[in-house]
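The file input-v5.csv contains CSV, N, CA and C atoms:
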chain,number,residue,atom,x,y,z
A,1,MET,N,-34.0,-16.5,47.1
A,1,MET,CA,-35.3,-16.0,47.2
A,1,MET,C,-36.2,-17.1,47.7
A,2,PRO,N,-36.7,-17.0,48.9
A,2,PRO,CA,-37.6,-18.1,49.4
A,2,PRO,C,-38.9,-18.1,48.7
A,3,VAL,N,-39.3,-19.3,48.2
A,3,VAL,CA,-40.6,-19.5,47.6
A,3,VAL,C,-41.4,-20.6,48.2
A,4,ARG,N,-42.7,-20.6,48.0
A,4,ARG,CA,-43.6,-21.6,48.5
A,4,ARG,C,-44.6,-21.9,47.4
A,5,HIS,N,-45.0,-23.2,47.3
A,5,HIS,CA,-46.0,-23.6,46.3
A,5,HIS,C,-47.3,-23.8,47.0
A,6,PHE,N,-48.3,-23.0,46.5
A,6,PHE,CA,-49.7,-23.1,47.0
A,6,PHE,C,-50.5,-23.8,45.9
A,7,THR,N,-51.5,-24.7,46.4
A,7,THR,CA,-52.4,-25.2,45.4
A,7,THR,C,-53.4,-24.1,45.1
A,8,ARG,N,-54.1,-24.3,44.0
A,8,ARG,CA,-55.2,-23.3,43.7
A,8,ARG,C,-56.3,-23.2,44.7
A,9,GLU,N,-56.6,-24.4,45.3
A,9,GLU,CA,-57.6,-24.4,46.4
A,9,GLU,C,-57.1,-23.6,47.6
A,10,GLN,N,-55.9,-23.7,48.0
A,10,GLN,CA,-55.3,-23.0,49.1
A,10,GLN,C,-55.4,-21.5,48.9
A,11,LEU,N,-55.1,-21.1,47.7
A,11,LEU,CA,-55.2,-19.6,47.3
A,11,LEU,C,-56.6,-19.2,47.3
A,12,ALA,N,-57.5,-20.0,46.8
A,12,ALA,CA,-58.9,-19.6,46.8
A,12,ALA,C,-59.5,-19.4,48.2
A,13,THR,N,-59.0,-20.3,49.1
A,13,THR,CA,-59.5,-20.2,50.5
A,13,THR,C,-59.0,-18.9,51.1
A,14,LEU,N,-57.8,-18.4,50.7
A,14,LEU,CA,-57.3,-17.1,51.3
A,14,LEU,C,-57.9,-15.9,50.6
A,15,GLY,N,-58.6,-16.2,49.5
A,15,GLY,CA,-59.2,-15.0,48.7
A,15,GLY,C,-58.3,-14.5,47.6
A,16,VAL,N,-57.3,-15.3,47.2
A,16,VAL,CA,-56.3,-14.9,46.2
A,16,VAL,C,-56.6,-15.6,44.9
A,17,PRO,N,-56.7,-14.8,43.8
A,17,PRO,CA,-56.8,-13.4,43.8
A,17,PRO,C,-58.2,-12.9,44.1
A,18,PRO,N,-58.3,-11.6,44.5
A,18,PRO,CA,-59.6,-11.1,44.9
A,18,PRO,C,-60.4,-10.9,43.6
A,19,ALA,N,-61.7,-10.9,43.7
A,19,ALA,CA,-62.6,-10.7,42.6
A,19,ALA,C,-62.4,-9.3,42.0
A,20,ASP,N,-62.1,-8.3,42.8
A,20,ASP,CA,-61.8,-7.0,42.4
A,20,ASP,C,-60.7,-6.4,43.3
A,21,PRO,N,-59.6,-5.8,42.7
A,21,PRO,CA,-58.5,-5.3,43.5
A,21,PRO,C,-58.9,-4.4,44.6
A,22,ASP,N,-60.0,-3.7,44.4
A,22,ASP,CA,-60.5,-2.7,45.5
A,22,ASP,C,-61.1,-3.4,46.7
A,23,GLU,N,-61.4,-4.8,46.5
A,23,GLU,CA,-62.0,-5.5,47.6
A,23,GLU,C,-61.0,-6.1,48.6
A,24,ILE,N,-59.7,-5.8,48.5
A,24,ILE,CA,-58.8,-6.4,49.5
A,24,ILE,C,-59.0,-5.8,50.9
A,25,GLN,N,-59.7,-4.7,51.0
A,25,GLN,CA,-59.9,-4.2,52.3
A,25,GLN,C,-60.9,-5.0,53.1
A,26,TYR,N,-61.6,-5.9,52.5
A,26,TYR,CA,-62.6,-6.8,53.1
A,26,TYR,C,-61.9,-8.1,53.6
A,27,TYR,N,-60.7,-8.3,53.3
A,27,TYR,CA,-60.0,-9.6,53.6
A,27,TYR,C,-58.9,-9.3,54.6
A,28,ASP,N,-58.8,-10.0,55.7
A,28,ASP,CA,-57.8,-9.8,56.7
A,28,ASP,C,-56.4,-10.1,56.2
A,29,ASP,N,-56.2,-11.1,55.4
A,29,ASP,CA,-54.9,-11.6,55.0
A,29,ASP,C,-54.5,-11.0,53.6
A,30,LEU,N,-55.3,-10.2,52.9
A,30,LEU,CA,-54.8,-9.6,51.7
A,30,LEU,C,-54.3,-8.2,52.0
A,31,LEU,N,-53.1,-7.9,51.6
A,31,LEU,CA,-52.4,-6.7,52.0
A,31,LEU,C,-52.4,-5.7,50.9
A,32,ALA,N,-52.2,-6.1,49.6
A,32,ALA,CA,-52.1,-5.2,48.5
A,32,ALA,C,-52.4,-6.0,47.2
A,33,ASP,N,-52.8,-5.3,46.2
A,33,ASP,CA,-53.0,-5.8,44.9
A,33,ASP,C,-52.5,-4.8,43.9
A,34,GLU,N,-51.4,-5.1,43.3
A,34,GLU,CA,-50.7,-4.1,42.5
A,34,GLU,C,-50.7,-4.4,41.0
A,35,HIS,N,-50.8,-3.3,40.2
A,35,HIS,CA,-50.7,-3.5,38.7
A,35,HIS,C,-49.2,-3.7,38.4
A,36,VAL,N,-49.0,-4.7,37.5
A,36,VAL,CA,-47.6,-5.1,37.1
A,36,VAL,C,-47.4,-4.6,35.6
A,37,ALA,N,-48.3,-5.1,34.7
A,37,ALA,CA,-48.2,-4.8,33.3
A,37,ALA,C,-49.5,-4.8,32.6
A,38,THR,N,-49.6,-4.1,31.5
A,38,THR,CA,-50.8,-4.2,30.7
A,38,THR,C,-50.5,-4.9,29.4
A,39,LEU,N,-51.2,-5.9,29.1
A,39,LEU,CA,-51.0,-6.7,27.9
A,39,LEU,C,-52.1,-6.3,26.9
A,40,LYS,N,-52.2,-6.9,25.8
A,40,LYS,CA,-53.2,-6.5,24.8
A,40,LYS,C,-54.6,-6.6,25.3
A,41,TYR,N,-55.0,-7.7,25.8
A,41,TYR,CA,-56.4,-7.9,26.3
A,41,TYR,C,-56.5,-8.2,27.8
A,42,THR,N,-55.4,-8.2,28.5
A,42,THR,CA,-55.4,-8.5,29.9
A,42,THR,C,-54.4,-7.7,30.6
A,43,GLN,N,-54.4,-7.8,32.0
A,43,GLN,CA,-53.4,-7.1,32.8
A,43,GLN,C,-52.8,-8.1,33.7
A,44,GLN,N,-51.5,-7.9,34.0
A,44,GLN,CA,-50.9,-8.7,35.0
A,44,GLN,C,-50.9,-7.9,36.3
A,45,ARG,N,-51.2,-8.6,37.4
A,45,ARG,CA,-51.3,-8.0,38.7
A,45,ARG,C,-50.5,-8.9,39.7
A,46,ARG,N,-50.2,-8.3,40.8
A,46,ARG,CA,-49.5,-9.0,41.9
A,46,ARG,C,-50.3,-8.8,43.2
A,47,VAL,N,-50.6,-9.8,43.9
A,47,VAL,CA,-51.3,-9.7,45.1
A,47,VAL,C,-50.4,-10.1,46.3
A,48,ILE,N,-50.4,-9.3,47.3
A,48,ILE,CA,-49.6,-9.6,48.5
A,48,ILE,C,-50.5,-10.1,49.6
A,49,PHE,N,-50.2,-11.2,50.2
A,49,PHE,CA,-51.0,-11.8,51.2
A,49,PHE,C,-50.3,-12.5,52.3
A,50,ARG,N,-50.9,-12.8,53.4
A,50,ARG,CA,-50.3,-13.5,54.6
A,50,ARG,C,-50.9,-14.9,54.6
A,51,ALA,N,-50.0,-15.8,54.9
A,51,ALA,CA,-50.3,-17.2,55.1
A,51,ALA,C,-49.3,-17.8,56.1
A,52,ASP,N,-49.9,-18.4,57.1
A,52,ASP,CA,-49.1,-19.1,58.2
A,52,ASP,C,-48.0,-18.2,58.8
A,53,GLY,N,-48.4,-16.9,59.0
A,53,GLY,CA,-47.5,-16.0,59.7
A,53,GLY,C,-46.4,-15.4,58.8
A,54,ARG,N,-46.4,-15.7,57.5
A,54,ARG,CA,-45.5,-15.1,56.5
A,54,ARG,C,-46.2,-14.3,55.5
A,55,THR,N,-45.5,-13.5,54.7
A,55,THR,CA,-46.1,-12.7,53.7
A,55,THR,C,-45.5,-13.1,52.3
A,56,TYR,N,-46.5,-13.3,51.4
A,56,TYR,CA,-46.1,-13.8,50.1
A,56,TYR,C,-46.7,-12.9,49.0
A,57,ALA,N,-46.1,-13.0,47.8
A,57,ALA,CA,-46.6,-12.3,46.6
A,57,ALA,C,-46.8,-13.4,45.5
A,58,VAL,N,-47.9,-13.3,44.8
A,58,VAL,CA,-48.1,-14.1,43.6
A,58,VAL,C,-48.7,-13.3,42.5
A,59,GLU,N,-48.2,-13.5,41.3
A,59,GLU,CA,-48.7,-12.8,40.1
A,59,GLU,C,-49.8,-13.6,39.5
A,60,TYR,N,-50.8,-12.8,38.9
A,60,TYR,CA,-51.9,-13.4,38.2
A,60,TYR,C,-52.3,-12.5,37.1
A,61,GLU,N,-53.1,-13.0,36.2
A,61,GLU,CA,-53.6,-12.3,35.0
A,61,GLU,C,-55.1,-12.2,35.1
A,62,THR,N,-55.6,-11.0,34.7
A,62,THR,CA,-57.0,-10.8,34.8
A,62,THR,C,-57.5,-10.0,33.6
A,63,ALA,N,-58.8,-9.8,33.5
A,63,ALA,CA,-59.4,-9.0,32.4
A,63,ALA,C,-58.9,-7.5,32.6
A,64,LEU,N,-58.7,-6.9,31.5
A,64,LEU,CA,-58.3,-5.5,31.4
A,64,LEU,C,-59.6,-4.6,31.7
A,65,ASP,N,-59.5,-3.8,32.6
A,65,ASP,CA,-60.6,-2.9,32.9
A,65,ASP,C,-60.4,-1.6,32.1
A,66,ALA,N,-61.2,-1.5,31.0
A,66,ALA,CA,-61.0,-0.3,30.1
A,66,ALA,C,-62.3,0.4,30.0
A,67,GLY,N,-63.2,0.3,31.0
A,67,GLY,CA,-64.4,1.1,30.9
A,67,GLY,C,-65.3,0.6,29.8
A,68,ASP,N,-65.7,1.5,28.9
A,68,ASP,CA,-66.7,1.2,27.8
A,68,ASP,C,-66.0,0.6,26.6
A,69,PHE,N,-64.7,0.6,26.6
A,69,PHE,CA,-63.9,0.1,25.4
A,69,PHE,C,-63.9,-1.4,25.3
A,70,GLU,N,-64.0,-1.9,24.1
A,70,GLU,CA,-63.9,-3.4,23.9
A,70,GLU,C,-62.5,-3.8,24.0
A,71,VAL,N,-62.3,-4.8,24.9
A,71,VAL,CA,-60.9,-5.3,25.1
A,71,VAL,C,-60.8,-6.8,25.0
A,72,GLY,N,-61.7,-7.4,24.3
A,72,GLY,CA,-61.6,-8.9,24.2
A,72,GLY,C,-62.7,-9.6,25.0
A,73,ASP,N,-62.6,-10.8,25.2
A,73,ASP,CA,-63.7,-11.6,25.8
A,73,ASP,C,-63.4,-12.0,27.3
A,74,GLY,N,-62.8,-11.1,28.0
A,74,GLY,CA,-62.6,-11.5,29.4
A,74,GLY,C,-61.2,-11.9,29.7
A,75,GLY,N,-61.0,-12.3,30.9
A,75,GLY,CA,-59.7,-12.7,31.4
A,75,GLY,C,-59.3,-14.1,31.0
A,76,PRO,N,-58.0,-14.5,31.2
A,76,PRO,CA,-57.5,-15.8,30.8
A,76,PRO,C,-58.1,-16.9,31.7
A,77,ASP,N,-58.0,-18.1,31.3
A,77,ASP,CA,-58.4,-19.2,32.1
A,77,ASP,C,-57.4,-19.4,33.2
A,78,ASP,N,-57.9,-19.7,34.4
A,78,ASP,CA,-57.1,-20.0,35.6
A,78,ASP,C,-56.0,-18.9,35.9
A,79,TYR,N,-56.4,-17.6,35.7
A,79,TYR,CA,-55.5,-16.5,36.0
A,79,TYR,C,-54.1,-16.6,35.4
A,80,GLY,N,-54.0,-17.3,34.3
A,80,GLY,CA,-52.7,-17.4,33.7
A,80,GLY,C,-51.8,-18.4,34.4
A,81,TRP,N,-52.3,-19.1,35.4
A,81,TRP,CA,-51.5,-20.1,36.1
A,81,TRP,C,-51.5,-21.5,35.4
A,82,TYR,N,-50.4,-22.1,35.4
A,82,TYR,CA,-50.3,-23.4,34.7
A,82,TYR,C,-49.9,-24.5,35.8
A,83,GLY,N,-50.5,-25.6,35.7
A,83,GLY,CA,-50.1,-26.7,36.6
A,83,GLY,C,-51.0,-26.7,37.8
A,84,ASP,N,-50.8,-27.6,38.7
A,84,ASP,CA,-51.6,-27.7,39.9
A,84,ASP,C,-51.3,-26.8,41.1
A,85,THR,N,-50.0,-26.3,41.1
A,85,THR,CA,-49.6,-25.4,42.1
A,85,THR,C,-49.2,-24.0,41.5
A,86,VAL,N,-49.1,-23.0,42.4
A,86,VAL,CA,-48.7,-21.7,42.0
A,86,VAL,C,-47.6,-21.3,42.9
A,87,GLU,N,-46.5,-20.8,42.3
A,87,GLU,CA,-45.3,-20.4,43.1
A,87,GLU,C,-45.5,-19.0,43.6
A,88,ALA,N,-45.3,-18.8,44.9
A,88,ALA,CA,-45.4,-17.5,45.6
A,88,ALA,C,-44.0,-17.2,46.2
A,89,VAL,N,-43.7,-16.0,46.1
A,89,VAL,CA,-42.4,-15.5,46.6
A,89,VAL,C,-42.6,-14.9,48.0
A,90,GLU,N,-41.8,-15.2,49.0
A,90,GLU,CA,-41.9,-14.6,50.3
A,90,GLU,C,-41.4,-13.2,50.2
A,91,VAL,N,-42.1,-12.2,50.7
A,91,VAL,CA,-41.8,-10.8,50.6
A,91,VAL,C,-41.8,-10.1,51.9
A,92,GLU,N,-41.2,-8.9,52.0
A,92,GLU,CA,-41.3,-8.1,53.2
A,92,GLU,C,-41.5,-6.7,52.7
A,93,GLU,N,-42.2,-5.9,53.6
A,93,GLU,CA,-42.3,-4.5,53.2
A,93,GLU,C,-41.0,-3.7,53.6
A,94,ARG,N,-40.6,-2.9,52.6
A,94,ARG,CA,-39.3,-2.2,52.8
A,94,ARG,C,-39.4,-0.9,52.0
A,95,GLU,N,-38.9,0.2,52.6
A,95,GLU,CA,-38.9,1.5,52.0
A,95,GLU,C,-37.8,1.5,50.9
A,96,VAL,N,-38.2,2.0,49.7
A,96,VAL,CA,-37.2,2.0,48.6
A,96,VAL,C,-37.2,3.4,48.1
A,97,THR,N,-36.0,4.0,47.8
A,97,THR,CA,-35.9,5.3,47.3
A,97,THR,C,-35.8,5.2,45.8
A,98,VAL,N,-36.6,6.0,45.1
A,98,VAL,CA,-36.7,5.9,43.6
A,98,VAL,C,-36.3,7.3,43.0
A,99,THR,N,-35.4,7.3,42.0
A,99,THR,CA,-35.0,8.5,41.4
A,99,THR,C,-35.8,8.6,40.1
A,100,ARG,N,-36.4,9.8,39.9
A,100,ARG,CA,-37.2,10.1,38.7
A,100,ARG,C,-36.8,11.4,38.1
A,101,TRP,N,-37.2,11.6,36.9
A,101,TRP,CA,-37.0,12.9,36.2
A,101,TRP,C,-38.3,13.7,36.4
A,102,VAL,N,-38.1,14.9,36.9
A,102,VAL,CA,-39.3,15.7,37.2
A,102,VAL,C,-39.0,17.1,36.6
A,103,PRO,N,-40.0,17.9,36.4
A,103,PRO,CA,-39.7,19.3,35.9
A,103,PRO,C,-38.9,20.1,36.9
A,104,VAL,N,-38.1,21.0,36.4
A,104,VAL,CA,-37.2,21.8,37.2
A,104,VAL,C,-37.9,22.5,38.4
A,105,ASP,N,-39.1,23.1,38.1
A,105,ASP,CA,-39.8,23.9,39.1
A,105,ASP,C,-40.8,23.1,39.9
A,106,ALA,N,-40.7,21.8,39.8
A,106,ALA,CA,-41.6,20.9,40.6
A,106,ALA,C,-41.2,20.9,42.1
A,107,PRO,N,-42.2,20.9,43.0
A,107,PRO,CA,-41.8,20.9,44.4
A,107,PRO,C,-41.2,19.5,44.8
A,108,GLN,N,-40.3,19.6,45.8
A,108,GLN,CA,-39.7,18.3,46.2
A,108,GLN,C,-40.4,17.6,47.3

Before we go any further, please render this structure as structure tokens.
Amino acid sequence: MPVRHFTREQLATLGVPPADPDEIQYYDDLLADEHVATLKYTQQRRVIFRADGRTYAVEYETALDAGDFEVGDGGPDDYGWYGDTVEAVEVEEREVTVTRWVPVDAPQ
């Protein structure tokens, strides 16, 4: 699995992570921002972005958006990243078939 280490400054220059996942449409190099997991007071997300002609994914942690419900005092420091660099995995878009359990009378 090819990886690359980006400094936090390099990621900030690219707009990674975005201030709001819905804002990726305003960045040329941000392709997707996906929910990974929900923790007690935060959520883990993965942002897909382009850099130097390649596509990478990096996970980060941010505040949990729960509307009017109290969920703690905001997101983690430094998006849950430790150290001076952040590891990004090189990714590619690929169609994946998923098998799920659905009701018998559900349309296919």

Inset, instruction - Would you kindly return, as a list of chain:residue names, each protein, DNA or RNA residue with an atom no farther than 5 Å from any atom of region 1-12 of chain A, considering all atoms listed in the file and excluding same-chain residues fewer than 5 positions away? - result: A:Asp84, A:Thr85, A:Val86, A:Glu87, A:Ala88, A:Val89, A:Glu90

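Excluding region 43-54 of chain A itself and same-chain residues fewer than 4 positions from it, the residues having an atom within 6 Å of it are Asp29, Leu30, Leu31, Ala32, Asp33, Glu34, His35, Val36, Ala37, Thr38, Leu39, Val58, Glu59, Tyr60, Glu61, Thr62, Ala63 and Leu64 of chain A, counting all atoms listed in the file.
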
Restricted to N, CA and C atoms, what would the selected residues look like written as an mmCIF file, keeping the file's coordinate frame?
data_model
loop_
_atom_site.group_PDB
_atom_site.id
_atom_site.type_symbol
_atom_site.label_atom_id
_atom_site.label_comp_id
_atom_site.auth_asym_id
_atom_site.auth_seq_id
_atom_site.Cartn_x
_atom_site.Cartn_y
_atom_site.Cartn_z
ATOM 1 N N ASP A 29 -56.200 -11.100 55.400
ATOM 2 C CA ASP A 29 -54.900 -11.600 55.000
ATOM 3 C C ASP A 29 -54.500 -11.000 53.600
ATOM 4 N N LEU A 30 -55.300 -10.200 52.900
ATOM 5 C CA LEU A 30 -54.800 -9.600 51.700
ATOM 6 C C LEU A 30 -54.300 -8.200 52.000
ATOM 7 N N LEU A 31 -53.100 -7.900 51.600
ATOM 8 C CA LEU A 31 -52.400 -6.700 52.000
ATOM 9 C C LEU A 31 -52.400 -5.700 50.900
ATOM 10 N N ALA A 32 -52.200 -6.100 49.600
ATOM 11 C CA ALA A 32 -52.100 -5.200 48.500
ATOM 12 C C ALA A 32 -52.400 -6.000 47.200
ATOM 13 N N ASP A 33 -52.800 -5.300 46.200
ATOM 14 C CA ASP A 33 -53.000 -5.800 44.900
ATOM 15 C C ASP A 33 -52.500 -4.800 43.900
ATOM 16 N N GLU A 34 -51.400 -5.100 43.300
ATOM 17 C CA GLU A 34 -50.700 -4.100 42.500
ATOM 18 C C GLU A 34 -50.700 -4.400 41.000
ATOM 19 N N HIS A 35 -50.800 -3.300 40.200
ATOM 20 C CA HIS A 35 -50.700 -3.500 38.700
ATOM 21 C C HIS A 35 -49.200 -3.700 38.400
ATOM 22 N N VAL A 36 -49.000 -4.700 37.500
ATOM 23 C CA VAL A 36 -47.600 -5.100 37.100
ATOM 24 C C VAL A 36 -47.400 -4.600 35.600
ATOM 25 N N ALA A 37 -48.300 -5.100 34.700
ATOM 26 C CA ALA A 37 -48.200 -4.800 33.300
ATOM 27 C C ALA A 37 -49.500 -4.800 32.600
ATOM 28 N N THR A 38 -49.600 -4.100 31.500
ATOM 29 C CA THR A 38 -50.800 -4.200 30.700
ATOM 30 C C THR A 38 -50.500 -4.900 29.400
ATOM 31 N N LEU A 39 -51.200 -5.900 29.100
ATOM 32 C CA LEU A 39 -51.000 -6.700 27.900
ATOM 33 C C LEU A 39 -52.100 -6.300 26.900
ATOM 34 N N VAL A 58 -47.900 -13.300 44.800
ATOM 35 C CA VAL A 58 -48.100 -14.100 43.600
ATOM 36 C C VAL A 58 -48.700 -13.300 42.500
ATOM 37 N N GLU A 59 -48.200 -13.500 41.300
ATOM 38 C CA GLU A 59 -48.700 -12.800 40.100
ATOM 39 C C GLU A 59 -49.800 -13.600 39.500
ATOM 40 N N TYR A 60 -50.800 -12.800 38.900
ATOM 41 C CA TYR A 60 -51.900 -13.400 38.200
ATOM 42 C C TYR A 60 -52.300 -12.500 37.100
ATOM 43 N N GLU A 61 -53.100 -13.000 36.200
ATOM 44 C CA GLU A 61 -53.600 -12.300 35.000
ATOM 45 C C GLU A 61 -55.100 -12.200 35.100
ATOM 46 N N THR A 62 -55.600 -11.000 34.700
ATOM 47 C CA THR A 62 -57.000 -10.800 34.800
ATOM 48 C C THR A 62 -57.500 -10.000 33.600
ATOM 49 N N ALA A 63 -58.800 -9.800 33.500
ATOM 50 C CA ALA A 63 -59.400 -9.000 32.400
ATOM 51 C C ALA A 63 -58.900 -7.500 32.600
ATOM 52 N N LEU A 64 -58.700 -6.900 31.500
ATOM 53 C CA LEU A 64 -58.300 -5.500 31.400
ATOM 54 C C LEU A 64 -59.600 -4.600 31.700
#

Inset, instruction - Output as number ranges by chain all residues of region 14-44 of chain A that backbone DSSP marks as helix (DSSP H, G or I). - result: A: 14, 21-26

Inset, instruction - Rounded to one decimal place, report the CA of Gly83 (chain A)-CA of Asp22 (chain A) distance in Å. - result: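 Rounded to one decimal, the two atoms are 27.6 Å apart.
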
Inset, instruction - Apply DSSP to the structure's backbone, then extract all residues of chain A labelled strand (DSSP E) and return them as a ChimeraX atom specification. - result: /A:3-7,30-38,42-51,54-63,85-90

Inset, instruction - To one decimal in Å, tell me the separation between CA of Pro18 (chain A) and CA of Val96 (chain A). - result: 26.2 Å
